[in-house]
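Chemist: This is work-v7.pdb (PDB, C-alpha atoms and all ligand atoms).
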```pdb
MODEL        1
ATOM      1  CA  MET A   1      15.891   7.988 -10.661  1.00  0.00           C
ATOM      2  CA  VAL A   2      19.629   7.923 -11.296  1.00  0.00           C
ATOM      3  CA  SER A   3      21.650   7.232 -14.407  1.00  0.00           C
ATOM      4  CA  CYS A   4      22.419   3.667 -15.403  1.00  0.00           C
ATOM      5  CA  ASP A   5      25.408   2.383 -17.359  1.00  0.00           C
ATOM      6  CA  LYS A   6      23.669  -0.173 -19.515  1.00  0.00           C
ATOM      7  CA  SER A   7      25.886  -2.657 -21.361  1.00  0.00           C
ATOM      8  CA  SER A   8      26.502  -1.439 -24.888  1.00  0.00           C
ATOM      9  CA  VAL A   9      26.226  -4.871 -26.489  1.00  0.00           C
ATOM     10  CA  ALA A  10      22.688  -6.229 -26.816  1.00  0.00           C
ATOM     11  CA  PRO A  11      22.028  -9.774 -25.531  1.00  0.00           C
ATOM     12  CA  ALA A  12      22.184 -12.223 -28.429  1.00  0.00           C
ATOM     13  CA  SER A  13      18.636 -13.540 -28.132  1.00  0.00           C
ATOM     14  CA  LEU A  14      17.178 -10.154 -29.090  1.00  0.00           C
ATOM     15  CA  VAL A  15      18.508 -10.580 -32.625  1.00  0.00           C
ATOM     16  CA  THR A  16      17.363 -14.165 -33.076  1.00  0.00           C
ATOM     17  CA  GLU A  17      13.969 -13.499 -31.493  1.00  0.00           C
ATOM     18  CA  LYS A  18      13.407 -10.340 -33.521  1.00  0.00           C
ATOM     19  CA  ALA A  19      13.860 -12.431 -36.673  1.00  0.00           C
ATOM     20  CA  LYS A  20      10.779 -14.425 -35.623  1.00  0.00           C
ATOM     21  CA  GLY A  21       8.664 -11.294 -35.927  1.00  0.00           C
ATOM     22  CA  SER A  22       5.529 -11.109 -33.810  1.00  0.00           C
ATOM     23  CA  ASN A  23       6.206 -14.618 -32.427  1.00  0.00           C
ATOM     24  CA  GLY A  24       9.550 -13.498 -30.991  1.00  0.00           C
ATOM     25  CA  ASN A  25      10.126 -13.217 -27.255  1.00  0.00           C
ATOM     26  CA  TYR A  26      12.192 -10.335 -25.843  1.00  0.00           C
ATOM     27  CA  ARG A  27      12.258 -11.970 -22.402  1.00  0.00           C
ATOM     28  CA  GLY A  28      15.159 -14.368 -23.033  1.00  0.00           C
ATOM     29  CA  SER A  29      17.212 -15.375 -19.999  1.00  0.00           C
ATOM     30  CA  ASP A  30      20.228 -13.470 -21.352  1.00  0.00           C
ATOM     31  CA  VAL A  31      18.124 -10.295 -21.604  1.00  0.00           C
ATOM     32  CA  ILE A  32      16.785 -10.732 -18.077  1.00  0.00           C
ATOM     33  CA  GLU A  33      20.199 -11.454 -16.576  1.00  0.00           C
ATOM     34  CA  GLN A  34      21.826  -8.484 -18.313  1.00  0.00           C
ATOM     35  CA  LEU A  35      19.076  -6.036 -17.351  1.00  0.00           C
ATOM     36  CA  LYS A  36      19.047  -7.276 -13.756  1.00  0.00           C
ATOM     37  CA  SER A  37      22.812  -6.805 -13.566  1.00  0.00           C
ATOM     38  CA  ASP A  38      22.975  -3.454 -15.390  1.00  0.00           C
ATOM     39  CA  PHE A  39      20.169  -1.974 -13.276  1.00  0.00           C
ATOM     40  CA  HIS A  40      21.551  -3.535 -10.043  1.00  0.00           C
ATOM     41  CA  ASP A  41      18.229  -5.349  -9.637  1.00  0.00           C
ATOM     42  CA  LYS A  42      16.596  -2.012  -8.915  1.00  0.00           C
ATOM     43  CA  CYS A  43      13.463  -0.563 -10.512  1.00  0.00           C
ATOM     44  CA  TYR A  44      14.666   2.413 -12.504  1.00  0.00           C
ATOM     45  CA  ILE A  45      11.551   4.418 -11.601  1.00  0.00           C
ATOM     46  CA  CYS A  46      10.928   3.897  -7.854  1.00  0.00           C
ATOM     47  CA  GLU A  47      14.468   2.602  -7.035  1.00  0.00           C
ATOM     48  CA  LEU A  48      13.148  -0.278  -4.931  1.00  0.00           C
ATOM     49  CA  GLU A  49      15.762  -3.046  -5.046  1.00  0.00           C
ATOM     50  CA  GLY A  50      15.580  -6.838  -4.947  1.00  0.00           C
ATOM     51  CA  LEU A  51      12.385  -6.952  -6.984  1.00  0.00           C
ATOM     52  CA  GLN A  52      10.086  -9.908  -6.423  1.00  0.00           C
ATOM     53  CA  ASP A  53       8.120  -9.265  -9.606  1.00  0.00           C
ATOM     54  CA  PRO A  54      10.599  -7.630 -12.024  1.00  0.00           C
ATOM     55  CA  GLN A  55       9.374  -6.706 -15.463  1.00  0.00           C
ATOM     56  CA  ILE A  56      11.047  -5.744 -18.702  1.00  0.00           C
ATOM     57  CA  GLU A  57       9.718  -2.305 -19.410  1.00  0.00           C
ATOM     58  CA  HIS A  58       9.739  -0.599 -22.806  1.00  0.00           C
ATOM     59  CA  LEU A  59      10.713   3.044 -22.303  1.00  0.00           C
ATOM     60  CA  ILE A  60       8.827   3.872 -25.479  1.00  0.00           C
ATOM     61  CA  PRO A  61       5.770   1.585 -25.750  1.00  0.00           C
ATOM     62  CA  HIS A  62       6.283  -0.774 -28.693  1.00  0.00           C
ATOM     63  CA  LYS A  63       2.610  -1.329 -29.532  1.00  0.00           C
ATOM     64  CA  GLY A  64       3.621  -4.155 -31.840  1.00  0.00           C
ATOM     65  CA  ASN A  65       6.446  -2.168 -33.450  1.00  0.00           C
ATOM     66  CA  ILE A  66       9.087  -4.876 -33.896  1.00  0.00           C
ATOM     67  CA  ASP A  67      12.022  -2.447 -33.862  1.00  0.00           C
ATOM     68  CA  LEU A  68      10.946  -0.870 -30.554  1.00  0.00           C
ATOM     69  CA  LYS A  69       9.982  -4.230 -29.090  1.00  0.00           C
ATOM     70  CA  PHE A  70      13.468  -5.746 -29.516  1.00  0.00           C
ATOM     71  CA  ASP A  71      15.586  -2.591 -29.266  1.00  0.00           C
ATOM     72  CA  TRP A  72      18.067  -3.140 -26.421  1.00  0.00           C
ATOM     73  CA  GLY A  73      18.188   0.622 -25.879  1.00  0.00           C
ATOM     74  CA  ASN A  74      14.439   0.598 -25.222  1.00  0.00           C
ATOM     75  CA  LEU A  75      14.435  -2.135 -22.546  1.00  0.00           C
ATOM     76  CA  PHE A  76      14.480  -1.221 -18.859  1.00  0.00           C
ATOM     77  CA  TRP A  77      14.198  -3.051 -15.527  1.00  0.00           C
ATOM     78  CA  SER A  78      11.174  -2.063 -13.497  1.00  0.00           C
ATOM     79  CA  CYS A  79       8.723  -3.311 -10.926  1.00  0.00           C
ATOM     80  CA  GLY A  80       5.169  -4.174 -11.932  1.00  0.00           C
ATOM     81  CA  HIS A  81       3.733  -1.281  -9.929  1.00  0.00           C
ATOM     82  CA  CYS A  82       5.777   1.366 -11.765  1.00  0.00           C
ATOM     83  CA  ASN A  83       5.329  -0.345 -15.115  1.00  0.00           C
ATOM     84  CA  SER A  84       1.558  -0.259 -14.729  1.00  0.00           C
ATOM     85  CA  ILE A  85       1.483   3.406 -13.657  1.00  0.00           C
ATOM     86  CA  LYS A  86       3.800   4.412 -16.495  1.00  0.00           C
ATOM     87  CA  ASN A  87       1.540   2.589 -18.935  1.00  0.00           C
ATOM     88  CA  ASN A  88      -0.535   5.708 -19.488  1.00  0.00           C
ATOM     89  CA  LYS A  89      -0.775   7.854 -22.593  1.00  0.00           C
ATOM     90  CA  ILE A  90       0.321  10.966 -20.686  1.00  0.00           C
ATOM     91  CA  TYR A  91       3.789   9.462 -20.182  1.00  0.00           C
ATOM     92  CA  GLU A  92       4.324   8.111 -23.691  1.00  0.00           C
ATOM     93  CA  GLY A  93       7.736   9.170 -24.986  1.00  0.00           C
ATOM     94  CA  LYS A  94       8.041  11.667 -22.132  1.00  0.00           C
ATOM     95  CA  ILE A  95      10.170   9.823 -19.575  1.00  0.00           C
ATOM     96  CA  ILE A  96      13.877  10.540 -19.178  1.00  0.00           C
ATOM     97  CA  ASN A  97      16.122   7.876 -20.668  1.00  0.00           C
ATOM     98  CA  CYS A  98      18.367   7.271 -17.652  1.00  0.00           C
ATOM     99  CA  CYS A  99      20.773   5.225 -19.800  1.00  0.00           C
ATOM    100  CA  GLN A 100      21.433   8.207 -22.044  1.00  0.00           C
ATOM    101  CA  GLU A 101      21.218  11.194 -19.748  1.00  0.00           C
ATOM    102  CA  ASP A 102      21.571  11.930 -16.068  1.00  0.00           C
ATOM    103  CA  PRO A 103      18.144  12.277 -14.411  1.00  0.00           C
ATOM    104  CA  GLU A 104      19.750  14.027 -11.430  1.00  0.00           C
ATOM    105  CA  GLN A 105      20.450  17.006 -13.661  1.00  0.00           C
ATOM    106  CA  HIS A 106      16.743  17.370 -14.387  1.00  0.00           C
ATOM    107  CA  ILE A 107      14.942  16.128 -11.302  1.00  0.00           C
ATOM    108  CA  ALA A 108      15.462  16.444  -7.546  1.00  0.00           C
ATOM    109  CA  CYS A 109      14.053  13.542  -5.504  1.00  0.00           C
ATOM    110  CA  ARG A 110      13.681  14.701  -1.932  1.00  0.00           C
ATOM    111  CA  TYR A 111      12.537  12.945   1.198  1.00  0.00           C
ATOM    112  CA  ALA A 112      11.110  15.204   3.889  1.00  0.00           C
ATOM    113  CA  ASP A 113       8.481  14.888   6.611  1.00  0.00           C
ATOM    114  CA  ASN A 114       8.164  11.176   5.844  1.00  0.00           C
ATOM    115  CA  ASP A 115       7.058  11.906   2.312  1.00  0.00           C
ATOM    116  CA  VAL A 116       8.503  12.422  -1.149  1.00  0.00           C
ATOM    117  CA  GLN A 117       8.921  15.719  -2.946  1.00  0.00           C
ATOM    118  CA  ILE A 118       9.849  15.381  -6.582  1.00  0.00           C
ATOM    119  CA  GLU A 119      10.858  18.579  -8.321  1.00  0.00           C
ATOM    120  CA  ALA A 120      11.605  19.119 -11.990  1.00  0.00           C
ATOM    121  CA  LEU A 121      14.663  21.351 -12.190  1.00  0.00           C
ATOM    122  CA  ASP A 122      13.716  22.669 -15.611  1.00  0.00           C
ATOM    123  CA  GLN A 123      10.437  23.159 -17.393  1.00  0.00           C
ATOM    124  CA  SER A 124      10.908  20.650 -20.213  1.00  0.00           C
ATOM    125  CA  GLU A 125       7.955  18.332 -20.693  1.00  0.00           C
ATOM    126  CA  VAL A 126      10.167  15.278 -20.197  1.00  0.00           C
ATOM    127  CA  SER A 127      11.447  16.555 -16.843  1.00  0.00           C
ATOM    128  CA  LEU A 128       7.957  17.507 -15.672  1.00  0.00           C
ATOM    129  CA  MET A 129       6.382  14.194 -16.686  1.00  0.00           C
ATOM    130  CA  THR A 130       9.215  12.116 -15.218  1.00  0.00           C
ATOM    131  CA  ALA A 131       8.847  14.016 -11.933  1.00  0.00           C
ATOM    132  CA  SER A 132       5.095  13.378 -12.034  1.00  0.00           C
ATOM    133  CA  LEU A 133       5.634   9.653 -12.638  1.00  0.00           C
ATOM    134  CA  ILE A 134       8.115   9.288  -9.770  1.00  0.00           C
ATOM    135  CA  TYR A 135       5.790  11.178  -7.420  1.00  0.00           C
ATOM    136  CA  ASN A 136       2.878   8.966  -8.417  1.00  0.00           C
ATOM    137  CA  VAL A 137       4.612   5.641  -7.831  1.00  0.00           C
ATOM    138  CA  PHE A 138       4.961   6.626  -4.167  1.00  0.00           C
ATOM    139  CA  ASN A 139       1.544   8.229  -3.825  1.00  0.00           C
ATOM    140  CA  LEU A 140      -1.038   6.904  -6.261  1.00  0.00           C
ATOM    141  CA  LYS A 141      -3.958   5.303  -4.430  1.00  0.00           C
ATOM    142  CA  ASN A 142      -6.549   4.959  -7.173  1.00  0.00           C
ATOM    143  CA  THR A 143      -6.963   1.195  -6.687  1.00  0.00           C
ATOM    144  CA  GLY A 144      -6.616  -1.033  -3.635  1.00  0.00           C
ATOM    145  CA  MET A 145      -3.513  -2.682  -5.035  1.00  0.00           C
ATOM    146  CA  ARG A 146      -1.875   0.632  -5.909  1.00  0.00           C
ATOM    147  CA  THR A 147      -2.626   1.958  -2.424  1.00  0.00           C
ATOM    148  CA  ASN A 148      -0.774  -1.046  -1.046  1.00  0.00           C
ATOM    149  CA  ASN A 149       2.109  -0.921  -3.517  1.00  0.00           C
ATOM    150  CA  SER A 150       2.668   2.824  -3.170  1.00  0.00           C
ATOM    151  CA  ALA A 151       2.731   2.425   0.613  1.00  0.00           C
ATOM    152  CA  VAL A 152       5.232  -0.467   0.365  1.00  0.00           C
ATOM    153  CA  ARG A 153       7.594   1.743  -1.639  1.00  0.00           C
ATOM    154  CA  LEU A 154       7.214   4.721   0.691  1.00  0.00           C
ATOM    155  CA  LYS A 155       7.916   2.464   3.679  1.00  0.00           C
ATOM    156  CA  ALA A 156      11.010   0.980   2.023  1.00  0.00           C
ATOM    157  CA  LEU A 157      12.213   4.517   1.252  1.00  0.00           C
ATOM    158  CA  GLN A 158      11.608   5.594   4.860  1.00  0.00           C
ATOM    159  CA  GLU A 159      13.591   2.608   6.148  1.00  0.00           C
ATOM    160  CA  GLU A 160      16.523   3.274   3.842  1.00  0.00           C
ATOM    161  CA  MET A 161      16.538   6.993   4.720  1.00  0.00           C
ATOM    162  CA  ASN A 162      16.453   6.224   8.447  1.00  0.00           C
ATOM    163  CA  ILE A 163      19.488   3.964   8.095  1.00  0.00           C
ATOM    164  CA  PHE A 164      21.194   6.616   5.983  1.00  0.00           C
ATOM    165  CA  PHE A 165      20.473   9.409   8.498  1.00  0.00           C
ATOM    166  CA  ASN A 166      21.774   7.236  11.356  1.00  0.00           C
ATOM    167  CA  GLU A 167      24.990   6.630   9.466  1.00  0.00           C
ATOM    168  CA  LEU A 168      25.269  10.327   8.697  1.00  0.00           C
ATOM    169  CA  HIS A 169      24.914  11.179  12.403  1.00  0.00           C
ATOM    170  CA  ARG A 170      27.629   8.687  13.286  1.00  0.00           C
ATOM    171  CA  TYR A 171      29.812  10.184  10.578  1.00  0.00           C
ATOM    172  CA  LYS A 172      29.180  13.720  11.819  1.00  0.00           C
ATOM    173  CA  ASP A 173      30.269  12.709  15.331  1.00  0.00           C
ATOM    174  CA  ASN A 174      33.368  10.903  14.126  1.00  0.00           C
ATOM    175  CA  LYS A 175      34.620  11.232  10.577  1.00  0.00           C
ATOM    176  CA  SER A 176      36.671   8.066  10.799  1.00  0.00           C
ATOM    177  CA  PRO A 177      37.578   6.210   7.601  1.00  0.00           C
ATOM    178  CA  ALA A 178      35.095   3.439   8.478  1.00  0.00           C
ATOM    179  CA  ASN A 179      32.214   5.859   9.090  1.00  0.00           C
ATOM    180  CA  THR A 180      33.063   7.720   5.888  1.00  0.00           C
ATOM    181  CA  ARG A 181      33.117   4.483   3.897  1.00  0.00           C
ATOM    182  CA  ARG A 182      29.688   3.513   5.195  1.00  0.00           C
ATOM    183  CA  VAL A 183      28.124   6.822   4.144  1.00  0.00           C
ATOM    184  CA  VAL A 184      29.857   6.864   0.769  1.00  0.00           C
ATOM    185  CA  ALA A 185      28.688   3.304   0.072  1.00  0.00           C
ATOM    186  CA  ARG A 186      25.068   4.396   0.515  1.00  0.00           C
ATOM    187  CA  LEU A 187      25.539   7.207  -1.988  1.00  0.00           C
ATOM    188  CA  ARG A 188      26.386   4.857  -4.852  1.00  0.00           C
ATOM    189  CA  LYS A 189      23.927   4.949  -7.719  1.00  0.00           C
ATOM    190  CA  SER A 190      23.584   1.181  -7.473  1.00  0.00           C
ATOM    191  CA  THR A 191      21.911   1.408  -4.051  1.00  0.00           C
ATOM    192  CA  ALA A 192      18.210   1.575  -3.237  1.00  0.00           C
ATOM    193  CA  PHE A 193      16.695   5.074  -3.440  1.00  0.00           C
ATOM    194  CA  ALA A 194      20.070   6.580  -4.354  1.00  0.00           C
ATOM    195  CA  ALA A 195      18.494   9.693  -5.913  1.00  0.00           C
ATOM    196  CA  PHE A 196      16.954  10.684  -2.554  1.00  0.00           C
ATOM    197  CA  LYS A 197      20.143  10.202  -0.533  1.00  0.00           C
ATOM    198  CA  ARG A 198      22.333  11.918  -3.105  1.00  0.00           C
ATOM    199  CA  SER A 199      19.955  14.873  -3.334  1.00  0.00           C
ATOM    200  CA  TYR A 200      19.986  15.219   0.457  1.00  0.00           C
ATOM    201  CA  ILE A 201      23.774  15.514   0.505  1.00  0.00           C
ATOM    202  CA  ARG A 202      23.865  17.767  -2.533  1.00  0.00           C
ATOM    203  CA  ASN A 203      21.569  20.271  -0.828  1.00  0.00           C
ATOM    204  CA  ASN A 204      23.120  20.169   2.620  1.00  0.00           C
ATOM    205  CA  SER A 205      26.054  22.474   3.277  1.00  0.00           C
ATOM    206  CA  ASP A 206      26.955  20.495   6.418  1.00  0.00           C
ATOM    207  CA  TYR A 207      28.478  17.870   4.168  1.00  0.00           C
ATOM    208  CA  ALA A 208      30.629  19.935   1.840  1.00  0.00           C
ATOM    209  CA  GLU A 209      33.354  17.283   1.901  1.00  0.00           C
ATOM    210  CA  LEU A 210      30.909  14.663   0.528  1.00  0.00           C
ATOM    211  CA  GLN A 211      29.878  16.725  -2.502  1.00  0.00           C
ATOM    212  CA  ALA A 212      32.431  14.995  -4.700  1.00  0.00           C
ATOM    213  CA  TYR A 213      30.518  11.725  -4.292  1.00  0.00           C
ATOM    214  CA  VAL A 214      27.242  13.206  -5.536  1.00  0.00           C
ATOM    215  CA  ALA A 215      28.595  15.544  -8.176  1.00  0.00           C
ATOM    216  CA  LEU A 216      26.552  15.857 -11.360  1.00  0.00           C
TER     217      LEU A 216
HETATM  218 ZN    ZN B   1       9.231   0.645  -9.295  1.00  0.00          ZN
ENDMDL
END
```
Give the structure from the file, written as structure tokens.
Modeler:
Amino acid sequence: MVSCDKSSVAPASLVTEKAKGSNGNYRGSDVIEQLKSDFHDKCYICELEGLQDPQIEHLIPHKGNIDLKFDWGNLFWSCGHCNSIKNNKIYEGKIINCCQEDPEQHIACRYADNDVQIEALDQSEVSLMTASLIYNVFNLKNTGMRTNNSAVRLKALQEEMNIFFNELHRYKDNKSPANTRRVVARLRKSTAFAAFKRSYIRNNSDYAELQAYVAL
């Protein structure tokens, strides 16, 4: 999970739909387009990009609360897999708001030995529960579908990390402007699994000159 600069102005349909009360629909095309753009079409929890089944996720479950249901600040872009895992009482109100604070200051997402290691960097309940959620979306296998969907995300992460490591090796051999640009491009927060790549650089003294691109 990385921070997201969500547009400050709420899509217009949220106001008109909220006025309809319980019959209102928060899934207007303007809401979908803005979320997709703001979140770079990437699930804010697992960081898989190019979602085939995107969902509008309420950071704080609305449970029929009209204010929470239509609050632009409460709407996030996620995949169905992460949305369903997050939909658990243990996570209610305990997930970092990546549009308001920087998750990288609270959580380290690491990729090692073909697996994920998610560490809370402080002992706050929000950091611990967010770390637990991110770990689970790559590992939970309590239903057949979740076994499949967790594996799909782990495989996509492995593929992205392999590409990233290859580019890093090329860069290490020859720090040409082109090789530098390629590595730096993969460190942007808008890219798939950015938290894992950025954490790798942040914790690797071999790449001191790249620290500026992953600074907190
Ligand atoms: Zn996801």
Chemist: Just to confirm, what's the straight-line distance from atom CA of A:Asp30 to atom CA of A:Pro61 in Å (one decimal)?
Modeler: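 Pair atom CA of A:Asp30 / atom CA of A:Pro61 returns 21.3 Å.
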Chemist: Contacts between ligand ZN 1 (chain B) and chain A, please, where a residue of chain A counts if it comes within 9 Å (with all atoms listed in the file); show its shortest atom pair and distance in Å to one decimal, rows by chain and ascending number, as CSV.
Modeler:
```
residue,atom,partner,partner_atom,distance
A:Lys42,CA,B:ZN1,ZN,7.8
A:Cys43,CA,B:ZN1,ZN,4.6
A:Tyr44,CA,B:ZN1,ZN,6.6
A:Ile45,CA,B:ZN1,ZN,5.0
A:Cys46,CA,B:ZN1,ZN,3.9
A:Glu47,CA,B:ZN1,ZN,6.0
A:Leu48,CA,B:ZN1,ZN,5.9
A:Glu49,CA,B:ZN1,ZN,8.6
A:Leu51,CA,B:ZN1,ZN,8.5
A:Pro54,CA,B:ZN1,ZN,8.8
A:Trp77,CA,B:ZN1,ZN,8.8
A:Ser78,CA,B:ZN1,ZN,5.4
A:Cys79,CA,B:ZN1,ZN,4.3
A:Gly80,CA,B:ZN1,ZN,6.8
A:His81,CA,B:ZN1,ZN,5.9
A:Cys82,CA,B:ZN1,ZN,4.3
A:Asn83,CA,B:ZN1,ZN,7.1
A:Ile134,CA,B:ZN1,ZN,8.7
A:Val137,CA,B:ZN1,ZN,7.0
A:Phe138,CA,B:ZN1,ZN,9.0
A:Arg153,CA,B:ZN1,ZN,7.9
```
Chemist: Separation of atom CA of A:His58 and atom CA of A:Gln105, in Å?
Modeler: 22.5 Å
Chemist: For atom CA of A:His169 and atom CA of A:Ala156, quote the distance in Å rounded to one decimal.
Modeler: 20.1 Å
Chemist: Under the rule that all atoms listed in the file are counted, which of A:Leu133, A:Leu187, A:Ala112, A:Leu157 is the nearest residue to A:Ile85?
Modeler: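 Using all atoms listed in the file, A:Ile85 sits closest to A:Leu133.
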Chemist: Expand the PyMOL selection byres (((chain A and resi 183) around 8) and not hetatm) into the individual residues it matches in the shown file, reporting them as a list of chain:residue names.
Modeler: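 On this input, the PyMOL selection byres (((chain A and resi 183) around 8) and not hetatm) captures A:Phe164, A:Glu167, A:Leu168, A:Tyr171, A:Asn179, A:Thr180, A:Arg181, A:Arg182, A:Val184, A:Ala185, A:Arg186, A:Leu187.
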Chemist: Taking the file as shown, what set of residues would the PyMOL selection byres (((chain A and resi 204-215) around 9) and not hetatm) give back, as a list in words?
Modeler: Lys172, Val184, Leu187, Arg188, Arg198, Ser199, Tyr200, Ile201, Arg202, Asn203 and Leu216 of chain A
Chemist: For A:Arg110, work out the shell of residues within 9 Å, counting all atoms listed in the file and skipping chain neighbours fewer than 2 positions away, then give it as a PDB file with C-alpha atoms, keeping the file's coordinate frame.
Modeler:
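That gives us part-v8.pdb:
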```pdb
ATOM      1  CA  ALA A 108      15.462  16.444  -7.546  1.00  0.00           C
ATOM      2  CA  ALA A 112      11.110  15.204   3.889  1.00  0.00           C
ATOM      3  CA  ASP A 115       7.058  11.906   2.312  1.00  0.00           C
ATOM      4  CA  VAL A 116       8.503  12.422  -1.149  1.00  0.00           C
ATOM      5  CA  GLN A 117       8.921  15.719  -2.946  1.00  0.00           C
ATOM      6  CA  ILE A 118       9.849  15.381  -6.582  1.00  0.00           C
ATOM      7  CA  GLU A 119      10.858  18.579  -8.321  1.00  0.00           C
ATOM      8  CA  ALA A 195      18.494   9.693  -5.913  1.00  0.00           C
ATOM      9  CA  PHE A 196      16.954  10.684  -2.554  1.00  0.00           C
ATOM     10  CA  LYS A 197      20.143  10.202  -0.533  1.00  0.00           C
ATOM     11  CA  SER A 199      19.955  14.873  -3.334  1.00  0.00           C
ATOM     12  CA  TYR A 200      19.986  15.219   0.457  1.00  0.00           C
TER      13      TYR A 200
END
```
Chemist: Which residues fall under the PyMOL selection byres (((chain A and resi 73) around 9) and not hetatm) in this file, as a PyMOL selection string?
Modeler: chain A and resi 6+8+10+59+68+70-72+74-76+99
Chemist: Set the distance at 10 Å and use all atoms listed in the file: which residues neighbour stretch 17-29 of chain A once local chain neighbours fewer than 4 positions away are removed? I'd like the list as a ChimeraX atom specification.
Modeler: /A:11-13,33-35,55-56,64-67,69-72,75
Chemist: Pick out the closest residue to A:Tyr135 from this set: A:Arg170, A:His62, A:Lys86, A:His40. Count all atoms listed in the file.
Modeler: A:Lys86
Chemist: Rank nothing, just name the residue among A:Asn162, A:Ile90, A:Asn114, A:Met145 nearest to A:Leu128, using only C-alpha atoms.
Modeler: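 Closest candidate: A:Ile90.
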Chemist: Counting only C-alpha atoms, which residue out of A:Asp41, A:Ile32, A:Lys94, A:Asp173 sits closest to A:Thr191?
Modeler: A:Asp41
Chemist: May I ask which of the residues A:Ala192, A:Leu154, A:Ile163, A:Val2 is the closest one to A:Asp113, counting only C-alpha atoms?
Modeler: A:Leu154
Chemist: Kindly indicate which residue among A:Gln100, A:Ser127, A:Ser37, A:Asn174 lies nearest to A:Ser190, using all atoms listed in the file for the distances.
Modeler: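 The shortest atom-to-atom distance to A:Ser190 comes from A:Ser37.
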Chemist: Can you sort out the box for stretch 39-46 of chain A, edges along x, y and z, all listed atoms in, 8 Å on every side, with centre and edge lengths in Å to one decimal, as JSON?
Modeler:
```
{"center_x": 16.2, "center_y": -0.5, "center_z": -10.6, "size_x": 26.6, "size_y": 25.8, "size_z": 21.4}
```
Chemist: Could I see stretch 169-183 of chain A restored to N, CA and C atoms, set down as a PDB file, in the frame of the given file?
Modeler:
```pdb
ATOM      1  N   HIS A 169      24.690  10.650  11.049  1.00  0.00           N
ATOM      2  CA  HIS A 169      24.914  11.179  12.403  1.00  0.00           C
ATOM      3  C   HIS A 169      26.208  10.620  12.980  1.00  0.00           C
ATOM      4  N   ARG A 170      26.406   9.335  12.790  1.00  0.00           N
ATOM      5  CA  ARG A 170      27.629   8.687  13.286  1.00  0.00           C
ATOM      6  C   ARG A 170      28.853   9.326  12.625  1.00  0.00           C
ATOM      7  N   TYR A 171      28.720   9.571  11.345  1.00  0.00           N
ATOM      8  CA  TYR A 171      29.812  10.184  10.578  1.00  0.00           C
ATOM      9  C   TYR A 171      30.094  11.602  11.068  1.00  0.00           C
ATOM     10  N   LYS A 172      29.017  12.338  11.362  1.00  0.00           N
ATOM     11  CA  LYS A 172      29.180  13.720  11.819  1.00  0.00           C
ATOM     12  C   LYS A 172      29.919  13.761  13.160  1.00  0.00           C
ATOM     13  N   ASP A 173      29.607  12.788  14.023  1.00  0.00           N
ATOM     14  CA  ASP A 173      30.269  12.709  15.331  1.00  0.00           C
ATOM     15  C   ASP A 173      31.730  12.304  15.206  1.00  0.00           C
ATOM     16  N   ASN A 174      32.005  11.441  14.264  1.00  0.00           N
ATOM     17  CA  ASN A 174      33.368  10.903  14.126  1.00  0.00           C
ATOM     18  C   ASN A 174      33.622  10.570  12.650  1.00  0.00           C
ATOM     19  N   LYS A 175      34.379  11.427  12.009  1.00  0.00           N
ATOM     20  CA  LYS A 175      34.620  11.232  10.577  1.00  0.00           C
ATOM     21  C   LYS A 175      35.768  10.254  10.337  1.00  0.00           C
ATOM     22  N   SER A 176      35.645   9.109  10.959  1.00  0.00           N
ATOM     23  CA  SER A 176      36.671   8.066  10.799  1.00  0.00           C
ATOM     24  C   SER A 176      36.566   7.484   9.393  1.00  0.00           C
ATOM     25  N   PRO A 177      37.642   6.834   8.929  1.00  0.00           N
ATOM     26  CA  PRO A 177      37.578   6.210   7.601  1.00  0.00           C
ATOM     27  C   PRO A 177      36.416   5.216   7.484  1.00  0.00           C
ATOM     28  N   ALA A 178      36.172   4.441   8.540  1.00  0.00           N
ATOM     29  CA  ALA A 178      35.095   3.439   8.478  1.00  0.00           C
ATOM     30  C   ALA A 178      33.732   4.106   8.361  1.00  0.00           C
ATOM     31  N   ASN A 179      33.500   5.166   9.151  1.00  0.00           N
ATOM     32  CA  ASN A 179      32.214   5.859   9.090  1.00  0.00           C
ATOM     33  C   ASN A 179      32.032   6.558   7.739  1.00  0.00           C
ATOM     34  N   THR A 180      33.128   7.077   7.206  1.00  0.00           N
ATOM     35  CA  THR A 180      33.063   7.720   5.888  1.00  0.00           C
ATOM     36  C   THR A 180      32.719   6.693   4.825  1.00  0.00           C
ATOM     37  N   ARG A 181      33.376   5.537   4.889  1.00  0.00           N
ATOM     38  CA  ARG A 181      33.117   4.483   3.897  1.00  0.00           C
ATOM     39  C   ARG A 181      31.658   4.059   3.903  1.00  0.00           C
ATOM     40  N   ARG A 182      31.080   3.954   5.090  1.00  0.00           N
ATOM     41  CA  ARG A 182      29.688   3.513   5.195  1.00  0.00           C
ATOM     42  C   ARG A 182      28.741   4.512   4.521  1.00  0.00           C
ATOM     43  N   VAL A 183      28.979   5.797   4.757  1.00  0.00           N
ATOM     44  CA  VAL A 183      28.124   6.822   4.144  1.00  0.00           C
ATOM     45  C   VAL A 183      28.317   6.838   2.636  1.00  0.00           C
TER      46      VAL A 183
END
```
